[in-house]
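*Asks:* Sharing a structure below in structure tokens format, with a few things to ask.
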Amino acid sequence: MISIWFFIGVSLLVNGLLILCAGIYEFWHPPAQQVVLYNLHASVWWGALMTVIGSGYCYFFKPGQKKA
Amino acid sequence: MTLPYAAVETTPLVHLSTADFIIVVFYFALVLAIGFYLRGRANTGEDFFMAGREMTAWVAGLSFLSANLGALELMGWAGSAYQYGILATHWYWIGAIPAMLFLALVMMPFYYISKTHSVPGYLKLRFGEPARAVSAVSFAFMTVLMSGVNMFAMAKVMQIVLGWDINKSIWLSAATVAIYVALGGLRSAIFNEVLQFFLIWAGALLIPILGLYEAGGWANMKAQIAARASEQYVHMWSGLGSFTDNPMGINWAGIVFGLAAVISMGYWTTDFLVVQRILAAKDIRSAEMAPIIGAGFKMFVPLIVILPGLLGLAVLPMKLVPESVAAVTGAHSYNDVLPLMLARYCGPGLLGLGITALIAGFMSGMAGNVTAFTTVWTYDIYRPLINSKGTDHHYVNMGRWTTVIGVLISIGTAYLVMQFASIMDYVQALFSFFIAPLFGTVILGMLWKRATGPGGFLGLLCGTLSSIGMWAWVKVDPSALRYVALSPHAKALAQDMFQALWSFLVCVIVTVVVSLATKPKTDAELTNLVYGLTPVPSVGNIPVYQKPVFWAGVVGVVFVILNIIFW
């Protein structure tokens, strides 16, 4: 049975990559209306953090390794 | 908590980009995929209704917390933090942690060893059919009604925040929950709740991080709140000496005896919506550890709920107003504080994640209601009162159909609320009528072997009726609040606390008096149901650091330290 933690890993990984890509795009193409603290580029580092954590979960709980 | 339901048409607070839409759509696809994947593992009653009783402590614990961490909880309490300040944290600390630890160490062994499917099921074993019938019917009725109210409120929030069509929001979210619960039963609901727990944290944690950065740290935030509102907005206990010294209009007795000792105990230990997740644990140690893990995380939920509300007070340029004023003026209400903070800091991608967190919170709360309703209907109403001779397969099918029917009734309720908005307030008040007396009945049943069936039944009935009576009294004559809440300066929240306390006491007194006047059950009949007659199962010969009581102590110490820090 696929572990619940693997599903969580997939969710964090996919969402993290999407946010990271959106953040990088925004970095090179700054929007006309910017959010407060835009200069911190939260999308980039938050997306990267989610991607790393999601990758870890996917690796350690990939199907066939551990039970839910 | 009440959320926006006034019929106002406003410009959406935020607009989603393509990346945001993809994130929202991916979330729906993933929860449905989990439901389809688990459909083959929900063929027996134990599988469908109790998730096979094979959940680990972590899965059961996070699901236990997630079922309570609904979107209304997130947005409503963030709004309360803006309105009342850090006092709202009492609902997360003293209004939750002691009760969760009490459930783990004292009550869970009884629930677990009795192998009951539900809290009404325990009442049947302990007090007989009448007590179960009262509890099951009232719980089933209120659960499905609450689910509908929440569904409407969430759809309304999506309309206000995103400009989404209210009908599409209701049907899309309801259909998704119905599909994944009907396919995979409680296991599917639990898996999705754990997923939703992670998404809620991932989507909401950035707000306090960026908010504190903008405000210049905790000390600067406090100074700004003191300047814009009051010094009392950042103290948890120092203003509770009297009803007039704090923005909530409540005193320490209401918080300690009403909230912590009765309402919180009632909710966290007898509300089947949350207890069902723990009953799915794989062994007694997991069943005891699950609420402790939940309590550990619960202590930090104020980071993503209360802190955004406080930061809103400090950094938002506009002043938020009560719902009734917002409905007339078109200004933003207290309850908009979380979406406003989300829109303030989150660009493309992050905004989609934040909106997904809100949707996930809503769906975890709704799935909790639906699975609890399905189990109580099938095992505590349909089987004992309508068809007691069905096969296990028949009851599983009944569970699947009840899931769909429960969701449809919820949708009907949502549309009813749309027509008659005041129903929302009544339904939320109704729900509180049952919690406090039910706790009195269950706790006496577990700890006092002399309590009898007639005592338990009449205590539960009188406690509930007294709660309804007090509520109606204040509704007809608002000045009666001075008697119910012991002060003319008390406000609405204080009424809830004291009303719960009195109804609990009525329940206990009636149960004791009637029990002493009726024939007691024999010890043999009470084995595995009552303290002193039940060999409490051991967690085994394990190191101290693996024992539930050790971790309960750790959580308890952190809880005390936090209260002192924010005194």
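For the structure tokens, the naming scheme is as follows: chains receive sequential letters (A, B, ...) according to their order of presentation, residues are indexed from 1 within each chain, and ligands are indexed from 1 in presentation order.
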Can you pull out every residue within 7 Å of segment 272-278 of chain B, counting only C-alpha atoms, but drop anything in the same chain fewer than 6 positions away, and send it as an MDAnalysis selection string?
*Replies:* chainID B and resid 60 63:64 67 118:119 287 290 368:369 372
*Asks:* Using only C-alpha atoms, which residues sit within 7 Å of Gly459 of chain B once same-chain residues fewer than 3 positions away are excluded, as a PyMOL selection string?
*Replies:* chain B and resi 441+455-456+462-463+507-508+510-511
*Asks:* If you measure from atom CA of Cys58 of chain A to atom CA of Phe49 of chain B, what distance in Å do you get, rounded to one decimal?
*Replies:*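 Between these atoms lies a distance of 28.7 Å.
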*Asks:* Compare A:Ser55, A:Tyr25, A:Ala32, A:Ile4 by their minimum atom-to-atom distance to chain B, counting only C-alpha atoms, and give me the closest one.
*Replies:*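 Ranked by minimum distance to chain B, first place goes to A:Ile4.
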*Asks:* Using only C-alpha atoms, find the one residue out of A:Ala22, A:Val14, A:Val36, A:Phe7 that sits nearest to Met341 of chain B.
*Replies:*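 Closest to Met341 of chain B of all the choices is A:Val36.
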*Asks:* Identify, on the basis of only C-alpha atoms, every residue whose closest approach to Trp28 of chain A does not exceed 12 Å; exclude the query and any residue fewer than 6 positions from it along the same chain; express the result as a list in words.
*Replies:*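 After dropping sequence-adjacent residues, the list is Cys21, Ala22, His41 and Val44 of chain A.
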*Asks:* Kindly export the residues of the current selection with C-alpha atoms, as a short mmCIF file (atom, residue, chain, number, x, y, z; two decimals), in the first residue's frame.
*Replies:*
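Done, and the output landed in again04.cif:
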```
data_model
loop_
_atom_site.label_atom_id
_atom_site.label_comp_id
_atom_site.auth_asym_id
_atom_site.auth_seq_id
_atom_site.Cartn_x
_atom_site.Cartn_y
_atom_site.Cartn_z
CA CYS A 21 8.75 28.59 -11.15
CA ALA A 22 6.17 31.35 -10.62
CA HIS A 41 10.94 37.07 -3.23
CA VAL A 44 11.38 31.62 -4.64
#
```
*Asks:* Distance limit 8 Å, atoms considered: only C-alpha atoms. Which chain B residues sit that close to chain A? Return them as a list in words.
*Replies:*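 Therefore, the residues near the partner are Ala19, Ile23, Tyr27, Leu30, Met55, Thr56, Phe191, Val194, Leu195, Phe198, Leu199, Ala202, Leu210, Glu214, Ala343, Arg344, Tyr345, Cys346, Gly347, Pro348, Gly349, Leu350 and Leu353 of chain B.
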*Asks:* Save the residues we just selected, C-alpha atoms, as a compact mmCIF listing (two decimals), in the first residue's frame?
*Replies:*
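part.txt was written with the following content:
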```
# COMPACT_ATOMS: atom_id res chain seq x y z
CA ALA B 19 -0.11 29.09 -11.51
CA ILE B 23 -2.33 24.52 -7.74
CA TYR B 27 -5.32 19.70 -5.08
CA LEU B 30 -4.97 14.59 -5.71
CA MET B 55 -3.75 4.02 11.85
CA THR B 56 -0.43 4.95 13.41
CA PHE B 191 -5.53 10.30 4.55
CA VAL B 194 -3.37 14.54 6.96
CA LEU B 195 -2.64 15.90 3.48
CA PHE B 198 0.30 19.88 5.61
CA LEU B 199 -1.26 22.13 2.97
CA ALA B 202 2.41 25.32 3.99
CA LEU B 210 6.41 38.01 6.54
CA GLU B 214 7.12 43.91 8.16
CA ALA B 343 -3.40 39.08 -0.56
CA ARG B 344 -0.93 41.49 1.10
CA TYR B 345 2.08 39.17 0.99
CA CYS B 346 1.40 36.38 -1.48
CA GLY B 347 2.11 36.70 -5.19
CA PRO B 348 1.35 34.17 -7.95
CA GLY B 349 1.73 30.58 -6.77
CA LEU B 350 1.77 31.43 -3.08
CA LEU B 353 -1.39 27.70 -2.11
```
*Asks:* One decimal, in Å: what's the spacing between atom CA of Thr375 of chain B and atom CA of Gly35 of chain B?
*Replies:*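 Between these atoms lies a distance of 17.9 Å.
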*Asks:* Excluding same-chain residues fewer than 6 positions from segment 83-95 of chain B, what lies within 6 Å of it counting only C-alpha atoms, as number ranges by chain?
*Replies:* B: 233-234, 236, 247-248, 259-260, 264
*Asks:* Generate a file of the selected residues that holds N, CA and C atoms, formatted as a short mmCIF file (atom, residue, chain, number, x, y, z; two decimals), in the first residue's frame.
*Replies:*
```
data_model
loop_
_atom_site.label_atom_id
_atom_site.label_comp_id
_atom_site.auth_asym_id
_atom_site.auth_seq_id
_atom_site.Cartn_x
_atom_site.Cartn_y
_atom_site.Cartn_z
N TYR B 233 -4.82 44.02 24.37
CA TYR B 233 -4.95 43.11 23.23
C TYR B 233 -3.81 42.09 23.15
N VAL B 234 -2.75 42.32 23.90
CA VAL B 234 -1.62 41.39 23.82
C VAL B 234 -1.35 40.68 25.14
N MET B 236 -2.90 37.66 27.81
CA MET B 236 -3.88 36.58 27.88
C MET B 236 -4.63 36.53 29.20
N PRO B 247 -11.23 43.13 26.13
CA PRO B 247 -12.13 43.38 24.99
C PRO B 247 -13.19 42.31 24.78
N MET B 248 -13.03 41.15 25.43
CA MET B 248 -13.97 40.06 25.19
C MET B 248 -15.17 40.09 26.13
N LEU B 259 -15.00 27.45 29.75
CA LEU B 259 -14.31 27.00 28.53
C LEU B 259 -13.47 25.74 28.78
N ALA B 260 -12.52 25.84 29.74
CA ALA B 260 -11.55 24.74 29.90
C ALA B 260 -12.17 23.50 30.52
N SER B 264 -14.52 22.77 26.46
CA SER B 264 -13.38 22.13 25.82
C SER B 264 -13.35 20.63 26.12
#
```
*Asks:* DSSP on the backbone: which residues in segment 1-60 of chain A end up as alpha helix (DSSP H)? Give the answer as number ranges by chain.
*Replies:* A: 4-28, 42-60
*Asks:* Write the selection just made, keeping C-alpha atoms, as a JSON list (two decimals), in the first residue's frame?
*Replies:*
```json
[["chain", "number", "residue", "atom", "x", "y", "z"],
["A", 4, "ILE", "CA", 0.15, 8.62, 3.10],
["A", 5, "TRP", "CA", 3.52, 10.36, 3.51],
["A", 6, "PHE", "CA", 4.28, 9.67, -0.15],
["A", 7, "PHE", "CA", 1.08, 11.47, -1.19],
["A", 8, "ILE", "CA", 2.12, 14.39, 1.01],
["A", 9, "GLY", "CA", 5.56, 14.37, -0.63],
["A", 10, "VAL", "CA", 3.99, 14.51, -4.10],
["A", 11, "SER", "CA", 1.77, 17.40, -3.04],
["A", 12, "LEU", "CA", 4.64, 19.41, -1.55],
["A", 13, "LEU", "CA", 6.93, 18.66, -4.48],
["A", 14, "VAL", "CA", 4.47, 19.62, -7.23],
["A", 15, "ASN", "CA", 3.21, 22.71, -5.39],
["A", 16, "GLY", "CA", 6.76, 23.70, -4.46],
["A", 17, "LEU", "CA", 7.94, 23.47, -8.09],
["A", 18, "LEU", "CA", 4.96, 25.49, -9.33],
["A", 19, "ILE", "CA", 5.55, 28.20, -6.73],
["A", 20, "LEU", "CA", 9.30, 28.23, -7.40],
["A", 21, "CYS", "CA", 8.75, 28.59, -11.15],
["A", 22, "ALA", "CA", 6.17, 31.35, -10.62],
["A", 23, "GLY", "CA", 8.62, 33.10, -8.29],
["A", 24, "ILE", "CA", 11.51, 32.88, -10.77],
["A", 25, "TYR", "CA", 9.30, 34.18, -13.58],
["A", 26, "GLU", "CA", 8.19, 37.06, -11.36],
["A", 27, "PHE", "CA", 11.84, 37.76, -10.48],
["A", 28, "TRP", "CA", 12.72, 38.32, -14.16],
["A", 42, "ALA", "CA", 9.14, 34.76, -0.86],
["A", 43, "SER", "CA", 7.84, 32.61, -3.73],
["A", 44, "VAL", "CA", 11.38, 31.62, -4.64],
["A", 45, "TRP", "CA", 12.64, 30.50, -1.25],
["A", 46, "TRP", "CA", 9.32, 29.15, 0.02],
["A", 47, "GLY", "CA", 8.82, 27.20, -3.22],
["A", 48, "ALA", "CA", 12.40, 25.89, -3.02],
["A", 49, "LEU", "CA", 11.90, 24.82, 0.61],
["A", 50, "MET", "CA", 8.68, 22.97, -0.25],
["A", 51, "THR", "CA", 10.39, 21.30, -3.21],
["A", 52, "VAL", "CA", 13.25, 20.03, -1.03],
["A", 53, "ILE", "CA", 10.93, 18.75, 1.71],
["A", 54, "GLY", "CA", 8.56, 17.20, -0.84],
["A", 55, "SER", "CA", 11.47, 15.47, -2.59],
["A", 56, "GLY", "CA", 12.64, 14.06, 0.73],
["A", 57, "TYR", "CA", 9.21, 12.66, 1.53],
["A", 58, "CYS", "CA", 8.86, 11.17, -1.98],
["A", 59, "TYR", "CA", 12.26, 9.51, -1.70],
["A", 60, "PHE", "CA", 11.95, 8.10, 1.79]]
```
*Asks:* Do a neighbour search on Glu231 of chain B at 10 Å with only C-alpha atoms, toss out local chain neighbours closer than 6 positions, and write the hits as a list in words.
*Replies:* Gly85, Lys222, Ala223, Gln224, Ile225, Gly239 and Asn246 of chain B
*Asks:* Output C-alpha atoms for every residue in the selection just made, as a PDB file, in the first residue's frame.
*Replies:*
```pdb
ATOM      1  CA  GLY B  85      -6.609  40.373  20.570  1.00  0.00           C
ATOM      2  CA  LYS B 222       2.864  44.848  20.357  1.00  0.00           C
ATOM      3  CA  ALA B 223       3.697  48.559  20.460  1.00  0.00           C
ATOM      4  CA  GLN B 224       1.731  49.195  17.269  1.00  0.00           C
ATOM      5  CA  ILE B 225      -1.289  47.256  18.599  1.00  0.00           C
ATOM      6  CA  GLY B 239      -7.066  41.537  31.950  1.00  0.00           C
ATOM      7  CA  ASN B 246     -10.689  43.029  28.524  1.00  0.00           C
TER       8      ASN B 246
END
```
*Asks:* Find the residues near Gln495 of chain B: any atom within 8 Å, counting only C-alpha atoms, skip ones fewer than 5 places away on the same chain, and give them as a PyMOL selection string.
*Replies:* chain B and resi 481+484-485+490
*Asks:* What's around segment 521-533 of chain B at 12 Å? Count only C-alpha atoms, leave out sequence neighbours fewer than 3 positions away in its own chain, and write the answer as a PyMOL selection string.
*Replies:* chain B and resi 106-116+121-128+442-455+515-516+518+536-537
*Asks:* Compare B:Ala480, B:Ala189, B:Ala96, B:Ala81 by their minimum atom-to-atom distance to Ala314 of chain B, counting only C-alpha atoms, and give me the closest one.
*Replies:* B:Ala81
